[in-house]
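Colleague: This is the structure I want to talk about, given as structure tokens.
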Amino acid sequence: MPARPVVIGVDSSTQSTKAAVVDAESGALLAVGRAPHTVTGTGGARESDPEEWWAALGQAVAAALKEAAVPPAAVTGIAVAGQQHGLVTLDASGRPLRPAPLWNDTRSAPQAAALTAALGGSGAWLGRTGSVPVAAMTAAKWQWLREHDPATAARTAAVRLPHDFLTERLCGEAVTDPGDASGTGWYATGPGDASGTGWYAAGSDDVLGTGSYATGSGDASGAGWYATDSGADPGRAAAGSGAGPGRPATGPGAGPGQPGAGPGAGPGRPATGPGAGPGRPATNPGASPGGPIAGPGAGPGCPATGPATGPGRHPTGPTVPAPTPAPVSGPGRYDPQILALLGLDPALLPAVAPTGGTRVGSLTRAAAHALGLPPGIAVAAGTGDNMAAAAGLGLGAHGLLDHPVVSLGTSGTVFAATRARPASPGLSGFAATDGTYLPLGCTLNCTLAVDRIAALLGLDREDAGPGDGLVLLPYLDGERTPDLPHATGLLTGLTHAATPPALLGAAYEGAVFTVLRALDELLAACGLDPAAPEVRDRPLRLIGGGARGRAWTETVRRLSGRPLVVPAATELVALGAAALAAAAATGAEPVALARAWGTGDGPTLDPVPRDEETWARIGTVLDRAAPALLGAETDAGPA
């Protein structure tokens with residue numbers, strides 16, 4: 001009897017890679033393999049070698065398959081969810097030029113502030129990208145690289161996010177998804193969406209010389225239908241004059257909107273003229289990195305100008321009609337004005353697939369050998385880690401909309417899938433991976449900060465009691481929400497009656513208050529009234545390491561007054577990626593699939609009366625303390 005089909009969802013985070021082997025039909029988590037990453041840097045620097053991510057992916061997959069005791073032939077699809085914002089710069093052969101600055105590398109804070117001003121302030125950025133630049137965003141890191149390492153910036157042949165880099169290693173295609181792209185700072189989430197027509201590229205849809213598909217309303221690559229010549233790798237484009245509409249040709253037969261090997265290249269697509277090399281977009285003679293893309297009519301984020309892709313051929317079977325990707329109503333394209341501001345050639349960027357579950361290629365023979373998997377299995381576009389967690393929870397157009405999530409980890413995050421385009425300066429206006437939006441608020445001080453307070457007091461983290469009139473704002477690393485980058489911790493209300501458990505409880509209350517106030521801003525950005533009964537009665541989904549702790553859970557219940565759902569699954573990012581992989585393999589909708597799998601299900605904790613007194617006390621202290629006592633920036637510099 002053949003083995004049941006499985007898929008692999010990869011969570012490539014800051015500290016490690018986790019590869020989850022998941023039953024493609026039931027969603028059962030069969031095994032998780034792990035491999036560590038190395039993060040280097042002192043002061044504000046935080047960097048990792050992307051090659052280590054690739055090696056860790058292979059190690060994690062091997063460990064997961066061994067633990068699950070399933071044959072590699074049972075694997076039908078794979079998808080990567082990665083840490084957001086990191087800047088991966090590649091040479092012409094697709095190799096990293098330097099270690100990648102990560103999301104938590106703060107050296108780019110001055111560049112973020114300068115970029116904000118250069119475009120006309122926060123409002124201009126919100127109108128274009130839905131987010132105001134911060135040090136974490138890729139745009140600020142690219143600007144930092146241009147200023148501090150211009151030689152590497154000039155040599156850069158391709159710019160990728162961490163998950164893009166790994167997806168490209170898997171299938172050879174330069175592609176990202178709307179969710180992770182929306183965290184770069186150069187991706188527009190406003191009107192003018194081109195994504196409903198299929199893939200849309202950044203001026204060139206053959207960014208790394210891979211022969212990737214032209215884009216159109218019936219894009220065969222997005223549906224997973226690929227025409228291949230005899231002996232060609234499954235899932236790769238056919239070559240020769242016989243290539244038809246919507247299929248790239250490498251000879252004289254290339255038609256309008258398709259790459260050709262000379263002057264016959266069609267409008268809006270670059271020709272592979274002198275100077276074009278592997279990993280570099282084709283350019284006119286003399287084109288240099290950072291300069292305008294070559295080819296008349298090519299524009300940032302514009303869809304390919306060739307005819308809509310017609311029926312394709314399955315790699316191993318007869319002619320079949322290629323399904324049309326579902327329209328994507330949300331975000332849409334790279335922003336040409338921001339790219340110009342950054343001096344970033346849009347041809348260095350990957351094409352953007354309609355969704356993270358879109359099949360963008362097949363596992364190449366080289367990648368299959370590295371991972372111990374069969375070549376030709378489906379590779380999904382993948383997404384960022386926050387977007388994958390949302391998919392794993394069943395948030396999206398085919399699941400839960402406007403249902404908030406609170407994640408308690410080293411940082412605290414709040415997010416929800418919504419159809420309302422967010423534009424709030426205190427939030428990141430991300431896109432979800434399915435075409436909806438995923439506004440997200442992030443606080444810097446959560447479980448790690450409270451654990452530090454517990455250690456100072458000599459207490460276990462579960463030894464906390466009520467704060468008893470104390471207010472402790474544990475802003476030990478500055479704070480992002482509210483925007484107090486120079487803040488330090490603040491304690492007030494201390495009397496002879498104070499006890500260590502009360503001090504620890506006050507730290508919990510300060511951290512939870514900060515997260516829940518960001519939640520109110522999130523709900524408002526979704527077009528909801530946080531105080532409306534129908535909104536307040538919606539349960540919070542509580543995830544992250546803190547969700548497993550009694551003190552965290554009870555503090556959230558007491559300060560929110562809401563019912564809580566604590567999902568039983570712990571590897572939500574990897575499970576969300578697995579849903580994307582299954583979607584690429586089967587054509588299913590990933591959010592609906594995750595809902596059917598039940599990965600977001602868990603026990604519901606009934607609400608308790610909200611502690612209005614503690615809420616008001618902390619809010620009053622925070623509002624009065626900022627900026628003077630919390631070290632906010634002033635005209636004279638840091639306070």
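All residue names refer to the structure tokens as shown: chains lettered A, B, ... in order, residues numbered from 1 in each chain, ligands numbered from 1 in order.
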Hey, what's within 12 Å of Thr586 of chain A if we count only C-alpha atoms and toss same-chain stuff fewer than 5 positions away? As a count of residues only, please?
Modeller: 23
Colleague: With only C-alpha atoms as the counted atoms, please give the residues lying no more than 7 Å from segment 79-94 of chain A, apart from itself and same-chain residues fewer than 6 positions off, as JSON, numbers by chain.
Modeller: {"A": [8, 9, 10, 11, 12, 13, 14, 100, 101, 102, 103, 136, 137, 138, 141, 155, 156, 157, 158, 159, 160, 161, 162, 163, 167, 180, 183, 184, 277, 278, 279, 280, 379, 380, 381, 382, 383, 384, 385, 388, 573, 577, 578, 580, 581]}
Colleague: With distances taken over only C-alpha atoms, which of A:Gly412, A:Arg34, A:Leu393, A:Leu622 is nearest to Gly602 of chain A?
Modeller: A:Leu393
Colleague: Write out as number ranges by chain all residues of segment 350-553 of chain A that DSSP puts in alpha helix (DSSP H) for this structure's backbone.
Modeller: A: 365-371, 385-392, 447-457, 500-525, 533-536, 550-553
Colleague: If we count only C-alpha atoms and set the cut-off at 6 Å, which residues sit around segment 428-445 of chain A, ignoring sequence neighbours fewer than 3 positions away in its own chain? Please answer as a list in words.
Modeller: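 Skipping anything fewer than 3 positions along the chain leaves Gly130, Ser131, Pro178, Gly179, Ser182, Val328, Ser329, Gly330, Thr355, Gly356, Met387, Ser411, Gly412, Thr413, Val414, Phe415, Ala416, Ala417, Thr418, Arg419, Pro422, Ala449, Tyr475, Glu479, Arg480, Thr481 and Ala518 of chain A.
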Colleague: Hey, can you spit out that residue selection with C-alpha atoms as an mmCIF file, in the first residue's frame?
Modeller:
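Produced file part-v4.cif, reproduced below:
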data_model
loop_
_atom_site.group_PDB
_atom_site.id
_atom_site.type_symbol
_atom_site.label_atom_id
_atom_site.label_comp_id
_atom_site.auth_asym_id
_atom_site.auth_seq_id
_atom_site.Cartn_x
_atom_site.Cartn_y
_atom_site.Cartn_z
ATOM 1 C CA GLY A 130 0.626 50.990 4.923
ATOM 2 C CA SER A 131 3.686 51.199 7.201
ATOM 3 C CA PRO A 178 2.428 39.620 -1.109
ATOM 4 C CA GLY A 179 2.727 38.981 2.632
ATOM 5 C CA SER A 182 4.741 43.960 2.308
ATOM 6 C CA VAL A 328 -6.478 38.885 -5.157
ATOM 7 C CA SER A 329 -8.308 41.942 -3.898
ATOM 8 C CA GLY A 330 -5.642 43.323 -1.630
ATOM 9 C CA THR A 355 -0.521 34.004 -2.843
ATOM 10 C CA GLY A 356 1.886 32.123 -0.627
ATOM 11 C CA MET A 387 1.683 35.454 7.659
ATOM 12 C CA SER A 411 8.288 40.414 21.667
ATOM 13 C CA GLY A 412 4.530 40.741 21.901
ATOM 14 C CA THR A 413 2.508 40.929 18.703
ATOM 15 C CA VAL A 414 -1.133 41.451 17.840
ATOM 16 C CA PHE A 415 -2.571 40.814 14.397
ATOM 17 C CA ALA A 416 -5.759 40.006 12.521
ATOM 18 C CA ALA A 417 -6.708 39.242 8.937
ATOM 19 C CA THR A 418 -9.035 41.878 7.534
ATOM 20 C CA ARG A 419 -10.354 43.291 4.292
ATOM 21 C CA PRO A 422 -4.707 49.530 7.561
ATOM 22 C CA ALA A 449 11.682 41.295 29.867
ATOM 23 C CA TYR A 475 10.665 48.664 28.777
ATOM 24 C CA GLU A 479 9.833 50.199 23.132
ATOM 25 C CA ARG A 480 8.336 50.062 19.667
ATOM 26 C CA THR A 481 4.642 50.341 20.540
ATOM 27 C CA ALA A 518 -1.751 47.896 20.656
#
Colleague: Considering only strand (DSSP E or B) as DSSP defines it on the backbone, what residues of segment 345-392 of chain A qualify? List them as a PyMOL selection string.
Modeller: chain A and resi 351-352+359-362+378-380+383-384
Colleague: How would the residues just picked look written out with N, CA, C and O atoms as a PDB file, in the first residue's frame?
Modeller:
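Contents of the output file again_25.pdb:
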ATOM      1  N   ALA A 351       9.753  38.305  -8.671  1.00  0.00           N
ATOM      2  CA  ALA A 351       8.346  38.423  -9.037  1.00  0.00           C
ATOM      3  C   ALA A 351       7.500  38.120  -7.804  1.00  0.00           C
ATOM      4  O   ALA A 351       7.941  37.440  -6.876  1.00  0.00           O
ATOM      5  N   VAL A 352       6.272  38.624  -7.800  1.00  0.00           N
ATOM      6  CA  VAL A 352       5.364  38.419  -6.669  1.00  0.00           C
ATOM      7  C   VAL A 352       4.225  37.501  -7.111  1.00  0.00           C
ATOM      8  O   VAL A 352       3.443  37.858  -7.993  1.00  0.00           O
ATOM      9  N   ARG A 359       1.669  27.551  -6.521  1.00  0.00           N
ATOM     10  CA  ARG A 359       2.789  26.710  -6.951  1.00  0.00           C
ATOM     11  C   ARG A 359       3.667  27.527  -7.891  1.00  0.00           C
ATOM     12  O   ARG A 359       3.229  27.943  -8.960  1.00  0.00           O
ATOM     13  N   VAL A 360       4.910  27.748  -7.491  1.00  0.00           N
ATOM     14  CA  VAL A 360       5.806  28.583  -8.279  1.00  0.00           C
ATOM     15  C   VAL A 360       6.875  27.775  -8.994  1.00  0.00           C
ATOM     16  O   VAL A 360       7.669  28.331  -9.759  1.00  0.00           O
ATOM     17  N   GLY A 361       6.912  26.502  -8.760  1.00  0.00           N
ATOM     18  CA  GLY A 361       7.900  25.668  -9.418  1.00  0.00           C
ATOM     19  C   GLY A 361       7.892  24.280  -8.825  1.00  0.00           C
ATOM     20  O   GLY A 361       6.999  23.906  -8.058  1.00  0.00           O
ATOM     21  N   SER A 362       8.897  23.528  -9.184  1.00  0.00           N
ATOM     22  CA  SER A 362       9.063  22.164  -8.695  1.00  0.00           C
ATOM     23  C   SER A 362      10.472  21.998  -8.152  1.00  0.00           C
ATOM     24  O   SER A 362      11.401  22.699  -8.576  1.00  0.00           O
ATOM     25  N   ALA A 378       5.941  19.716  -5.638  1.00  0.00           N
ATOM     26  CA  ALA A 378       5.466  21.097  -5.721  1.00  0.00           C
ATOM     27  C   ALA A 378       6.185  21.985  -4.706  1.00  0.00           C
ATOM     28  O   ALA A 378       6.373  21.611  -3.545  1.00  0.00           O
ATOM     29  N   VAL A 379       6.553  23.172  -5.161  1.00  0.00           N
ATOM     30  CA  VAL A 379       7.143  24.194  -4.291  1.00  0.00           C
ATOM     31  C   VAL A 379       6.205  25.396  -4.289  1.00  0.00           C
ATOM     32  O   VAL A 379       5.890  25.953  -5.344  1.00  0.00           O
ATOM     33  N   ALA A 380       5.750  25.786  -3.116  1.00  0.00           N
ATOM     34  CA  ALA A 380       4.875  26.953  -2.982  1.00  0.00           C
ATOM     35  C   ALA A 380       5.702  28.220  -2.867  1.00  0.00           C
ATOM     36  O   ALA A 380       6.890  28.188  -2.515  1.00  0.00           O
ATOM     37  N   THR A 383       5.970  32.373   2.451  1.00  0.00           N
ATOM     38  CA  THR A 383       5.626  33.688   2.978  1.00  0.00           C
ATOM     39  C   THR A 383       6.484  34.008   4.188  1.00  0.00           C
ATOM     40  O   THR A 383       7.403  33.254   4.538  1.00  0.00           O
ATOM     41  N   GLY A 384       6.158  35.114   4.874  1.00  0.00           N
ATOM     42  CA  GLY A 384       6.823  35.470   6.112  1.00  0.00           C
ATOM     43  C   GLY A 384       6.244  34.705   7.281  1.00  0.00           C
ATOM     44  O   GLY A 384       5.146  34.133   7.202  1.00  0.00           O
TER      45      GLY A 384
END
Colleague: Have a look at A:Leu457, A:Leu522, A:Leu65, A:Leu504 and name the one nearest to Gly33 of chain A; count only C-alpha atoms.
Modeller: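 So, comparing all the options, the nearest one is A:Leu65.
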Colleague: Which residue is closest to Val132 of chain A? Choose from A:Val21, A:Ala28, A:Leu427, A:Leu341 and count only C-alpha atoms.
Modeller: A:Leu427
